[in-house]
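Have a look at query_1.cif; it's mmCIF, C-alpha atoms:
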data_run
#
loop_
_atom_site.label_atom_id
_atom_site.label_comp_id
_atom_site.auth_asym_id
_atom_site.auth_seq_id
_atom_site.Cartn_x
_atom_site.Cartn_y
_atom_site.Cartn_z
CA MET A 2 -25.05 2.01 14.05
CA ILE A 3 -21.76 2.31 12.17
CA SER A 4 -19.93 -0.76 10.93
CA LEU A 5 -16.44 -0.16 9.61
CA ARG A 6 -13.91 -2.41 7.95
CA GLY A 7 -11.06 -2.16 5.47
CA PRO A 8 -9.00 1.06 5.31
CA LYS A 9 -11.21 2.75 7.90
CA LEU A 10 -9.86 0.25 10.40
CA LYS A 11 -6.67 2.32 10.31
CA ILE A 12 -8.60 5.18 11.85
CA ILE A 13 -9.88 2.90 14.60
CA ALA A 14 -6.40 1.45 15.07
CA ALA A 15 -4.95 4.97 15.32
CA LEU A 16 -7.50 5.85 18.03
CA ILE A 17 -6.66 2.65 19.93
CA ALA A 18 -2.94 3.42 19.62
CA ALA A 19 -3.50 6.97 20.90
CA PHE A 20 -5.53 5.65 23.85
CA CYS A 21 -2.88 3.05 24.74
CA LEU A 22 -0.06 5.59 24.53
CA ALA A 23 -1.98 8.15 26.58
CA ALA A 24 -2.97 5.57 29.21
CA GLY A 25 0.54 4.18 29.34
CA ILE A 26 2.22 7.58 29.68
CA TYR A 27 -0.28 8.73 32.30
CA THR A 28 -0.01 5.51 34.32
CA THR A 29 3.77 5.34 34.11
CA PHE A 30 4.78 8.96 34.50
CA PHE A 31 1.89 10.89 36.06
CA GLN A 32 -0.55 8.71 38.03
CA SER A 33 2.13 7.50 40.43
CA ARG A 34 4.45 10.51 40.39
CA GLY A 35 6.04 10.84 43.82
CA PHE A 36 4.71 7.42 44.92
CA VAL A 37 6.93 5.03 46.88
CA LYS A 38 7.46 1.41 45.96
CA THR A 39 6.91 -1.34 48.52
CA THR A 40 5.86 -4.99 48.74
CA ALA A 41 2.27 -6.03 49.45
CA THR A 42 0.54 -9.32 50.09
CA ILE A 43 -2.70 -10.31 48.38
CA VAL A 44 -5.18 -11.03 51.17
CA ASP A 45 -8.41 -11.33 49.18
CA ILE A 46 -9.66 -11.66 45.60
CA GLU A 47 -13.12 -10.33 44.79
CA TRP A 48 -14.63 -11.95 41.70
CA ASP A 49 -16.93 -9.99 39.41
CA TYR A 50 -19.83 -12.38 38.80
CA SER A 51 -21.70 -9.79 36.77
CA SER A 52 -19.12 -10.19 33.99
CA ALA A 53 -19.84 -12.49 31.07
CA ASP A 54 -16.61 -14.31 31.96
CA SER A 55 -16.23 -14.02 35.72
CA SER A 56 -13.19 -16.32 35.74
CA ASP A 57 -11.09 -13.52 34.21
CA THR A 58 -12.52 -10.55 36.10
CA PHE A 59 -11.58 -9.88 39.71
CA THR A 60 -10.26 -7.21 42.07
CA PRO A 61 -7.36 -8.07 44.41
CA THR A 62 -7.13 -6.60 47.90
CA VAL A 63 -3.59 -6.14 49.18
CA GLU A 64 -2.04 -5.53 52.59
CA TYR A 65 1.15 -3.54 53.05
CA THR A 66 3.06 -1.77 55.81
CA VAL A 67 4.18 1.87 55.88
CA ASN A 68 6.16 3.22 58.86
CA GLY A 69 5.05 0.31 61.00
CA LYS A 70 1.36 0.75 60.19
CA THR A 71 -0.59 -1.80 58.11
CA TYR A 72 -2.87 -0.68 55.32
CA THR A 73 -5.21 -2.49 52.94
CA GLY A 74 -6.34 -1.35 49.51
CA LYS A 75 -7.87 -2.59 46.28
CA LEU A 76 -5.87 -2.56 43.06
CA ASN A 77 -7.42 -1.49 39.78
CA GLN A 78 -5.66 -4.27 37.90
CA SER A 79 -5.60 -8.05 37.88
CA SER A 80 -3.43 -10.88 36.61
CA GLY A 81 -3.89 -14.58 36.14
CA SER A 82 -0.91 -15.14 38.40
CA TYR A 83 -2.53 -13.34 41.36
CA LYS A 84 -3.38 -15.64 44.27
CA VAL A 85 -4.17 -15.06 47.93
CA GLY A 86 -0.91 -15.03 49.87
CA LYS A 87 1.25 -13.93 46.93
CA THR A 88 3.51 -10.92 47.40
CA ILE A 89 3.60 -8.30 44.63
CA PRO A 90 5.18 -4.84 44.19
CA VAL A 91 2.89 -1.83 44.70
CA LEU A 92 3.21 1.96 44.77
CA TYR A 93 1.65 4.05 47.56
CA ASP A 94 1.25 7.79 48.09
CA PRO A 95 3.52 8.86 50.97
CA ASN A 96 1.16 11.76 51.73
CA ASP A 97 -1.80 9.36 51.92
CA PRO A 98 -0.67 5.73 52.28
CA THR A 99 -4.24 4.49 51.73
CA VAL A 100 -3.86 5.36 48.03
CA VAL A 101 -2.16 2.44 46.29
CA HIS A 102 -1.53 1.38 42.70
CA GLY A 103 -0.08 -1.71 41.11
CA GLY A 104 3.67 -1.50 40.86
CA ASP A 105 4.29 -4.03 38.09
CA GLY A 106 4.70 -1.47 35.31
CA ILE A 107 1.40 -2.07 33.52
CA GLY A 108 1.75 1.36 31.92
CA ILE A 109 4.80 0.15 30.01
CA TYR A 110 2.65 -2.56 28.41
CA PHE A 111 0.18 0.08 27.22
CA ILE A 112 3.02 2.10 25.72
CA VAL A 113 4.47 -0.94 23.93
CA VAL A 114 1.08 -1.97 22.50
CA GLY A 115 0.31 1.58 21.36
CA ALA A 116 3.74 1.94 19.76
CA LEU A 117 3.39 -1.37 17.90
CA ILE A 118 -0.04 -0.42 16.53
CA LEU A 119 1.27 2.99 15.47
CA ALA A 120 4.29 1.39 13.78
CA PHE A 121 2.00 -0.97 11.86
CA ILE A 122 -0.15 1.95 10.65
CA ILE A 123 2.91 3.88 9.47
CA PHE A 124 4.39 0.80 7.81
CA SER A 125 1.18 -0.02 5.92
CA ALA A 126 0.75 3.62 4.80
CA VAL A 127 4.31 3.80 3.47
CA LYS A 128 3.93 0.44 1.75
CA GLU A 129 0.67 1.49 0.08
CA LYS A 130 2.33 4.61 -1.30
CA GLN A 131 5.25 2.57 -2.62
CA ASP A 132 2.85 0.04 -4.20
CA ARG A 133 0.86 2.80 -5.92
CA ASN A 134 4.02 4.32 -7.39
CA ARG A 135 5.23 0.93 -8.60
CA ILE A 136 1.87 0.04 -10.20
CA LYS A 137 1.75 3.46 -11.86
CA GLU A 138 5.21 2.91 -13.34
CA LEU A 139 4.23 -0.55 -14.60
CA ARG A 140 1.13 0.83 -16.34
CA GLU A 141 3.08 3.67 -17.92
CA ARG A 142 5.68 1.22 -19.23
CA SER A 143 2.98 -1.07 -20.67
CA GLY A 144 1.02 1.84 -22.16
CA GLN A 145 -2.15 0.78 -20.29
CA THR A 146 -2.75 4.12 -18.58
CA GLY A 147 -6.46 4.52 -19.34
CA TYR A 148 -9.55 2.83 -20.73
CA ALA A 149 -9.88 2.04 -24.42
CA PRO A 150 -12.24 4.23 -26.48
CA SER A 151 -15.78 2.96 -27.00
CA VAL A 152 -16.04 0.70 -30.07
CA GLN A 153 -19.52 -0.59 -30.91
CA GLY A 154 -20.36 -3.85 -32.65
CA GLU A 155 -23.14 -6.41 -32.67
CA GLU A 156 -24.84 -6.93 -29.32
CA ARG A 157 -23.64 -10.02 -27.50
CA GLU A 158 -24.54 -11.75 -24.28
CA VAL A 159 -21.69 -12.38 -21.87
CA TYR A 160 -21.44 -13.57 -18.28
CA PHE A 161 -19.68 -12.02 -15.29
CA LEU A 162 -18.53 -14.47 -12.60
CA THR A 163 -16.79 -14.12 -9.24
CA ASP A 164 -14.56 -16.76 -7.66
CA LEU A 165 -16.00 -17.98 -4.38
CA GLY A 166 -14.54 -19.85 -1.43
CA THR A 167 -11.06 -18.29 -1.47
CA PRO A 168 -9.57 -15.05 -0.07
CA LYS A 169 -7.72 -14.57 -3.39
CA TYR A 170 -10.93 -14.28 -5.32
CA GLY A 171 -10.99 -12.73 -8.77
CA HIS A 172 -13.54 -11.98 -11.49
CA ARG A 173 -14.01 -12.81 -15.16
CA ILE A 174 -16.26 -12.27 -18.14
CA GLU A 175 -17.06 -15.36 -20.24
CA ASP A 176 -18.87 -15.76 -23.54
CA GLN A 177 -21.53 -18.36 -24.24
CA TYR A 178 -18.81 -20.93 -24.97
CA ARG A 179 -17.24 -20.30 -21.52
CA ARG A 180 -14.21 -18.71 -23.12
CA VAL A 181 -12.72 -16.08 -20.80
CA LEU A 182 -12.79 -12.68 -22.51
CA TYR A 183 -11.65 -10.45 -19.65
CA GLU A 184 -10.51 -11.23 -16.11
CA ALA A 185 -8.95 -9.85 -12.95
CA LYS A 186 -6.40 -12.19 -11.39
CA MET A 187 -4.99 -11.47 -7.95
CA THR A 188 -1.21 -11.53 -8.06
CA LYS A 189 -0.55 -10.60 -4.43
CA PHE A 190 -2.70 -11.09 -1.36
CA ASN A 191 -2.01 -8.49 1.30
CA LEU A 192 -3.65 -7.87 4.67
CA ALA A 193 -1.72 -4.68 5.44
CA SER A 194 -2.41 -2.87 2.16
CA ALA A 195 -4.29 -3.20 -1.12
CA TYR A 196 -4.35 -6.40 -3.16
CA GLU A 197 -2.42 -6.48 -6.42
CA PHE A 198 -4.34 -7.56 -9.53
CA ASP A 199 -3.67 -8.01 -13.21
CA PHE A 200 -6.66 -6.99 -15.34
CA ILE A 201 -6.28 -9.04 -18.53
CA ASP A 202 -8.08 -8.34 -21.81
CA HIS A 203 -7.81 -11.66 -23.64
CA GLU A 204 -9.57 -10.37 -26.74
CA HIS A 205 -7.02 -7.61 -27.32
CA GLY A 206 -3.99 -9.17 -25.61
CA THR A 207 -3.38 -6.45 -23.01
CA THR A 208 -2.73 -6.50 -19.27
CA ALA A 209 -3.09 -3.62 -16.82
CA PRO A 210 -1.94 -3.91 -13.16
CA HIS A 211 -4.16 -2.38 -10.48
CA LEU A 212 -4.28 -2.07 -6.71
CA VAL A 213 -7.67 -3.14 -5.36
CA GLY A 214 -8.26 -2.05 -1.78
CA HIS A 215 -10.09 -3.83 1.01
CA GLU A 216 -13.84 -3.34 1.07
CA GLU A 217 -15.22 -0.62 3.31
CA GLU A 218 -18.68 -0.51 4.80
CA SER A 219 -20.49 2.27 6.67
CA GLN A 220 -23.92 1.23 7.93
CA TRP A 221 -25.98 4.00 9.46
CA ASP A 222 -29.37 2.22 9.66
CA THR A 223 -31.29 5.44 9.13
CA PHE A 224 -33.69 6.81 6.56
CA LEU A 225 -31.83 10.12 6.47
CA ILE A 226 -28.27 8.94 5.80
CA ASP A 227 -27.58 6.30 3.16
CA ASN A 228 -25.29 3.35 3.79
CA HIS A 229 -22.01 3.37 1.89
CA TYR A 230 -20.07 0.42 0.46
CA THR A 231 -16.85 0.95 -1.43
CA PHE A 232 -13.16 0.17 -1.87
CA GLU A 233 -10.17 2.00 -3.28
CA LEU A 234 -8.84 1.39 -6.78
CA ASP A 235 -5.24 2.56 -7.14
CA GLY A 236 -5.74 4.72 -4.05
CA VAL A 237 -8.97 6.37 -5.28
CA ASP A 238 -12.54 5.60 -4.19
CA VAL A 239 -13.85 3.26 -6.88
CA TRP A 240 -17.08 5.23 -7.39
CA LYS A 241 -15.12 8.45 -7.83
CA HIS A 242 -12.82 6.64 -10.25
CA LEU A 243 -15.78 5.53 -12.39
CA LYS A 244 -17.32 9.02 -12.35
CA GLU A 245 -14.00 10.50 -13.48
CA ASN A 246 -14.15 8.13 -16.45
CA GLY A 247 -17.66 9.16 -17.43
CA VAL A 248 -19.52 6.17 -15.99
CA SER A 249 -23.00 6.36 -14.55
CA VAL A 250 -25.31 3.47 -13.74
CA ASP A 251 -29.10 3.32 -13.53
CA THR A 252 -30.17 0.54 -11.16
CA ALA A 253 -33.57 -0.95 -10.37
CA LEU A 254 -34.98 -4.03 -8.68
CA ASP A 255 -36.88 -6.51 -10.81
CA SER A 256 -37.87 -10.17 -10.99
CA GLY A 257 -38.65 -12.55 -13.78
CA ASN A 258 -36.70 -14.79 -16.18
CA GLY A 259 -36.84 -17.57 -13.59
CA ARG A 260 -35.17 -15.54 -10.83
CA LEU A 261 -36.29 -14.06 -7.58
CA ILE A 262 -36.03 -10.30 -7.19
CA GLY A 263 -32.60 -8.99 -8.24
CA THR A 264 -30.93 -5.84 -9.55
CA ASN A 265 -30.88 -4.58 -13.13
CA TYR A 266 -28.10 -2.26 -14.28
CA ARG A 267 -27.94 0.13 -17.21
CA ILE A 268 -24.30 1.20 -17.60
CA LEU A 269 -23.60 4.46 -19.43
CA ARG A 270 -20.38 6.13 -20.53
CA ASP A 271 -20.59 9.87 -21.14
CA GLY A 272 -24.38 9.50 -21.28
CA LEU A 273 -24.39 6.69 -23.88
CA GLU A 274 -25.39 3.16 -22.94
CA ILE A 275 -22.52 0.70 -23.17
CA ALA A 276 -24.08 -2.31 -21.40
CA ARG A 277 -27.08 -3.75 -19.60
CA ALA A 278 -26.73 -6.32 -16.83
CA GLU A 279 -28.83 -8.23 -14.37
CA SER A 280 -27.82 -9.99 -11.19
CA THR A 281 -28.01 -13.78 -11.34
CA SER A 282 -27.29 -16.78 -9.18
CA GLN A 283 -23.82 -18.32 -9.17
CA TYR A 284 -24.99 -20.02 -12.39
CA PRO A 285 -25.19 -17.08 -14.84
CA HIS A 286 -25.17 -19.31 -17.93
CA GLU A 287 -28.77 -20.13 -18.79
CA GLU A 288 -28.14 -23.85 -19.18
CA ASP A 289 -26.50 -24.03 -15.73
CA ALA A 290 -29.37 -22.12 -14.11
CA GLU A 291 -31.81 -24.53 -15.75
CA GLN A 292 -30.00 -27.50 -14.21
CA HIS A 293 -30.04 -25.89 -10.74
CA LYS A 294 -33.61 -24.65 -10.63
CA ALA A 295 -33.80 -23.80 -6.91
CA ALA A 296 -30.34 -22.24 -6.51
CA GLY A 297 -30.49 -20.78 -10.00
CA ALA A 298 -33.34 -18.48 -8.98
CA VAL A 299 -31.50 -16.82 -6.10
CA PRO A 300 -29.25 -13.86 -7.08
CA VAL A 301 -25.76 -13.96 -5.57
CA GLN A 302 -23.50 -10.92 -5.22
CA GLY A 303 -20.85 -10.89 -7.94
CA PHE A 304 -22.67 -12.78 -10.72
CA TYR A 305 -24.28 -11.00 -13.68
CA ARG A 306 -25.71 -11.68 -17.10
CA VAL A 307 -24.59 -8.88 -19.42
CA TRP A 308 -25.71 -7.58 -22.83
CA THR A 309 -23.41 -5.17 -24.60
CA ARG A 310 -22.32 -3.86 -27.98
CA GLU A 311 -18.99 -2.74 -26.54
CA GLN A 312 -16.03 -4.45 -28.14
CA ASN A 313 -13.69 -3.09 -25.43
CA LEU A 314 -14.91 -4.61 -22.19
CA ASP A 315 -12.47 -2.89 -19.82
CA LEU A 316 -14.76 -0.18 -18.43
CA VAL A 317 -17.81 -2.47 -18.37
CA PHE A 318 -15.74 -5.01 -16.48
CA MET A 319 -14.42 -2.43 -13.98
CA THR A 320 -17.96 -1.19 -13.31
CA LEU A 321 -19.20 -4.70 -12.56
CA VAL A 322 -16.16 -5.34 -10.35
CA ALA A 323 -17.16 -2.26 -8.33
CA PHE A 324 -20.64 -3.68 -7.68
CA ALA A 325 -19.41 -7.24 -7.18
CA ARG A 326 -16.75 -6.40 -4.57
CA SER A 327 -18.50 -3.61 -2.69
CA GLY A 328 -22.04 -4.96 -2.52
CA ALA A 329 -23.39 -1.48 -3.25
CA ALA A 330 -26.75 -1.07 -4.98
CA ASP A 331 -26.11 2.20 -6.85
CA ASP A 332 -23.21 4.06 -8.44
CA ARG A 333 -22.72 6.26 -5.37
CA GLY A 334 -21.95 3.25 -3.24
CA GLY A 335 -25.26 3.32 -1.39
CA ASN A 336 -28.77 1.83 -1.47
CA TYR A 337 -31.11 4.73 -2.14
CA GLY A 338 -30.35 4.92 -5.87
CA VAL A 339 -31.80 1.48 -6.57
CA VAL A 340 -34.99 2.39 -4.66
CA ILE A 341 -35.44 5.57 -6.69
CA GLY A 342 -34.61 3.71 -9.90
CA THR A 343 -37.19 1.02 -9.11
CA LEU A 344 -39.90 3.62 -8.49
CA LYS A 345 -39.08 5.38 -11.77
CA THR A 346 -39.22 2.08 -13.65
CA ARG A 347 -42.57 1.13 -12.11
CA ASN A 348 -44.08 4.53 -12.97
CA LYS A 349 -43.17 4.34 -16.68
#

Could you render the structure from this file as structure tokens?
Amino acid sequence: MISLRGPKLKIIAALIAAFCLAAGIYTTFFQSRGFVKTTATIVDIEWDYSSADSSDTFTPTVEYTVNGKTYTGKLNQSSGSYKVGKTIPVLYDPNDPTVVHGGDGIGIYFIVVGALILAFIIFSAVKEKQDRNRIKELRERSGQTGYAPSVQGEEREVYFLTDLGTPKYGHRIEDQYRRVLYEAKMTKFNLASAYEFDFIDHEHGTTAPHLVGHEEESQWDTFLIDNHYTFELDGVDVWKHLKENGVSVDTALDSGNGRLIGTNYRILRDGLEIARAESTSQYPHEEDAEQHKAAGAVPVQGFYRVWTREQNLDLVFMTLVAFARSGAADDRGGNYGVVIGTLKTRNK
């Protein structure tokens, strides 16, 4: 089974548009080429009771006259306005008058629908390209074109949270005093193209704009091919983006510390550990989890307790955003990595 959403919907939409255009062109210009138009009367309506919604599924039988002879035939189309006794236009084959098609121009509707879908795809693609160029220019002007170099300090515990209950959800890292250290705030919600975000480093007073794409999911339900969960960041697959910036993540399942089984993450940059994290409930602060004992034991996607010596949290933050938004279990966007990581951890 394959489940697709996000940018891959454009592929599905393109296939639907192609089908509609092909069906419309065939029906309008080829199926009834040489046919003659006449008027027919609906004499019977055959309901399809095998359909889940039989009230909308039926086949009309029409009666029409050609050269003084009466013919009947079934149409391969239906309309809510069809009723027994109603007259409608039809097209018949003059070489074989028993062959009849609906004459109400249904092919034109297919062409219009296909053209509208195709126009939407083209519009969204052009807009995405324009947005990427604009965001790139903004980053170049602000000087925030890459991640800060690794600067190590004393290890500290911080908390990664995700906004819930709103389509404009963002993410943030807080310290133990609930002071926001780093956050991603959505500045523009967009269904046709990627969302616009400001990634704000409050500790260093910098802001970097980014385009965060819609989440994609490919579920294969097989032991041979891994599932894949991802999204695009500034037009690039987020996992590829992290790899290009030297990030790798070791993941493993574990329990303990008052939680049910969840995921542990060891985040590395160029082979050196820059952070450790564990999935938590929506109450990542220990005192909140203590107050909500039942809910505080259940890990929720997008909430992590983090330990790091990194003073620049930008790349740590981006890595956790990748896991929080995609729902992936490993740094390839799949599930198998966490299984292998768990087995390695257990065998140590």

So which residues touch A:Glu129 within 6 Å, counting all atoms listed in the file, skipping near sequence neighbours fewer than 3 positions away, as a PDB file with C-alpha atoms, in the frame of the given file?
ATOM      1  CA  ALA A 126       0.750   3.620   4.800  1.00  0.00           C
ATOM      2  CA  ASP A 132       2.850   0.040  -4.200  1.00  0.00           C
ATOM      3  CA  SER A 194      -2.410  -2.870   2.160  1.00  0.00           C
TER       4      SER A 194
END

**OP:** Do a neighbour search on stretch 265-267 of chain A at 6 Å with all atoms listed in the file, toss out local chain neighbours closer than 4 positions, and write the hits as JSON, numbers by chain.
**Re:** {"A": [250, 251, 252, 253, 277, 278, 279]}

**OP:** Identify all residues satisfying the PyMOL selection byres ((chain A and resi 204-206) around 10) in the given file; provide them as a list in words.
**Re:** Val181, Leu182, Tyr183, Ile201, Asp202, His203, Thr207, Thr208, Gln312, Asn313 and Leu314 of chain A

Please produce a file of those selected residues containing C-alpha atoms, as a compact mmCIF listing (two decimals), keeping the file's coordinate frame.
# COMPACT_ATOMS: atom_id res chain seq x y z
CA VAL A 181 -12.72 -16.08 -20.80
CA LEU A 182 -12.79 -12.68 -22.51
CA TYR A 183 -11.65 -10.45 -19.65
CA ILE A 201 -6.28 -9.04 -18.53
CA ASP A 202 -8.08 -8.34 -21.81
CA HIS A 203 -7.81 -11.66 -23.64
CA THR A 207 -3.38 -6.45 -23.01
CA THR A 208 -2.73 -6.50 -19.27
CA GLN A 312 -16.03 -4.45 -28.14
CA ASN A 313 -13.69 -3.09 -25.43
CA LEU A 314 -14.91 -4.61 -22.19

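Evaluated against the shown file, the PyMOL selection byres ((chain A and resi 332-348) around 7) gives Asp227, Asn228, His229, Tyr230, Thr231, Trp240, Ser249, Val250, Asp251, Thr252, Ala253, Leu254, Ala329, Ala330, Asp331 and Lys349 of chain A.
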
Original post:
Got a sec: who's within 12 Å of stretch 269-276 of chain A, counting only C-alpha atoms, leaving out chain neighbours fewer than 6 positions off, as a VMD selection string?
Top reply: chain A and resid 148 to 160 243 to 252 305 to 318 320 to 321 332

**OP:** Could you please determine the separation between atom CA of A:Ile112 and atom CA of A:Phe124 in Å, to one decimal place?
**Re:** 18.0 Å

Export C-alpha atoms of stretch 149-205 of chain A from the structure just given, as a PDB file, in the first residue's frame?
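Listing of decode05.pdb after writing:
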ATOM      1  CA  ALA A 149      26.897  28.647  12.874  1.00  0.00           C
ATOM      2  CA  PRO A 150      30.130  26.775  13.680  1.00  0.00           C
ATOM      3  CA  SER A 151      30.047  24.362  16.614  1.00  0.00           C
ATOM      4  CA  VAL A 152      30.853  26.100  19.914  1.00  0.00           C
ATOM      5  CA  GLN A 153      30.988  23.878  22.994  1.00  0.00           C
ATOM      6  CA  GLY A 154      30.205  24.900  26.560  1.00  0.00           C
ATOM      7  CA  GLU A 155      28.814  23.337  29.707  1.00  0.00           C
ATOM      8  CA  GLU A 156      26.166  20.683  29.126  1.00  0.00           C
ATOM      9  CA  ARG A 157      22.643  21.955  29.648  1.00  0.00           C
ATOM     10  CA  GLU A 158      19.205  20.411  29.548  1.00  0.00           C
ATOM     11  CA  VAL A 159      16.698  22.080  27.249  1.00  0.00           C
ATOM     12  CA  TYR A 160      13.219  21.203  26.014  1.00  0.00           C
ATOM     13  CA  PHE A 161      11.848  21.007  22.473  1.00  0.00           C
ATOM     14  CA  LEU A 162       8.106  21.665  22.116  1.00  0.00           C
ATOM     15  CA  THR A 163       5.669  21.682  19.200  1.00  0.00           C
ATOM     16  CA  ASP A 164       2.514  23.785  19.017  1.00  0.00           C
ATOM     17  CA  LEU A 165      -0.571  21.602  18.820  1.00  0.00           C
ATOM     18  CA  GLY A 166      -4.156  22.245  17.768  1.00  0.00           C
ATOM     19  CA  THR A 167      -3.461  24.742  14.983  1.00  0.00           C
ATOM     20  CA  PRO A 168      -2.499  24.421  11.283  1.00  0.00           C
ATOM     21  CA  LYS A 169       0.073  27.204  11.797  1.00  0.00           C
ATOM     22  CA  TYR A 170       2.040  25.153  14.259  1.00  0.00           C
ATOM     23  CA  GLY A 171       5.633  26.009  15.078  1.00  0.00           C
ATOM     24  CA  HIS A 172       8.417  24.702  17.312  1.00  0.00           C
ATOM     25  CA  ARG A 173      10.626  26.058  20.069  1.00  0.00           C
ATOM     26  CA  ILE A 174      13.430  25.170  22.441  1.00  0.00           C
ATOM     27  CA  GLU A 175      13.025  26.320  26.057  1.00  0.00           C
ATOM     28  CA  ASP A 176      15.397  26.243  29.005  1.00  0.00           C
ATOM     29  CA  GLN A 177      14.469  25.074  32.490  1.00  0.00           C
ATOM     30  CA  TYR A 178      13.011  28.521  33.244  1.00  0.00           C
ATOM     31  CA  ARG A 179      10.716  28.260  30.179  1.00  0.00           C
ATOM     32  CA  ARG A 180      12.629  30.994  28.423  1.00  0.00           C
ATOM     33  CA  VAL A 181      12.502  30.500  24.651  1.00  0.00           C
ATOM     34  CA  LEU A 182      16.027  30.049  23.294  1.00  0.00           C
ATOM     35  CA  TYR A 183      15.266  29.154  19.687  1.00  0.00           C
ATOM     36  CA  GLU A 184      12.015  28.936  17.744  1.00  0.00           C
ATOM     37  CA  ALA A 185      10.416  28.547  14.331  1.00  0.00           C
ATOM     38  CA  LYS A 186       7.438  30.837  13.797  1.00  0.00           C
ATOM     39  CA  MET A 187       5.221  30.415  10.760  1.00  0.00           C
ATOM     40  CA  THR A 188       4.855  33.722   8.942  1.00  0.00           C
ATOM     41  CA  LYS A 189       2.720  32.510   6.042  1.00  0.00           C
ATOM     42  CA  PHE A 190       0.348  29.571   5.821  1.00  0.00           C
ATOM     43  CA  ASN A 191       0.030  28.250   2.286  1.00  0.00           C
ATOM     44  CA  LEU A 192      -1.882  25.277   0.889  1.00  0.00           C
ATOM     45  CA  ALA A 193      -0.538  25.613  -2.654  1.00  0.00           C
ATOM     46  CA  SER A 194       3.164  25.781  -1.783  1.00  0.00           C
ATOM     47  CA  ALA A 195       5.576  25.611   1.146  1.00  0.00           C
ATOM     48  CA  TYR A 196       4.972  27.402   4.436  1.00  0.00           C
ATOM     49  CA  GLU A 197       7.127  30.409   5.255  1.00  0.00           C
ATOM     50  CA  PHE A 198       8.914  30.377   8.620  1.00  0.00           C
ATOM     51  CA  ASP A 199      11.269  32.593  10.558  1.00  0.00           C
ATOM     52  CA  PHE A 200      13.844  30.580  12.513  1.00  0.00           C
ATOM     53  CA  ILE A 201      14.799  32.853  15.415  1.00  0.00           C
ATOM     54  CA  ASP A 202      17.883  32.426  17.602  1.00  0.00           C
ATOM     55  CA  HIS A 203      17.007  34.458  20.693  1.00  0.00           C
ATOM     56  CA  GLU A 204      20.351  33.797  22.363  1.00  0.00           C
ATOM     57  CA  HIS A 205      22.337  35.340  19.517  1.00  0.00           C
TER      58      HIS A 205
END
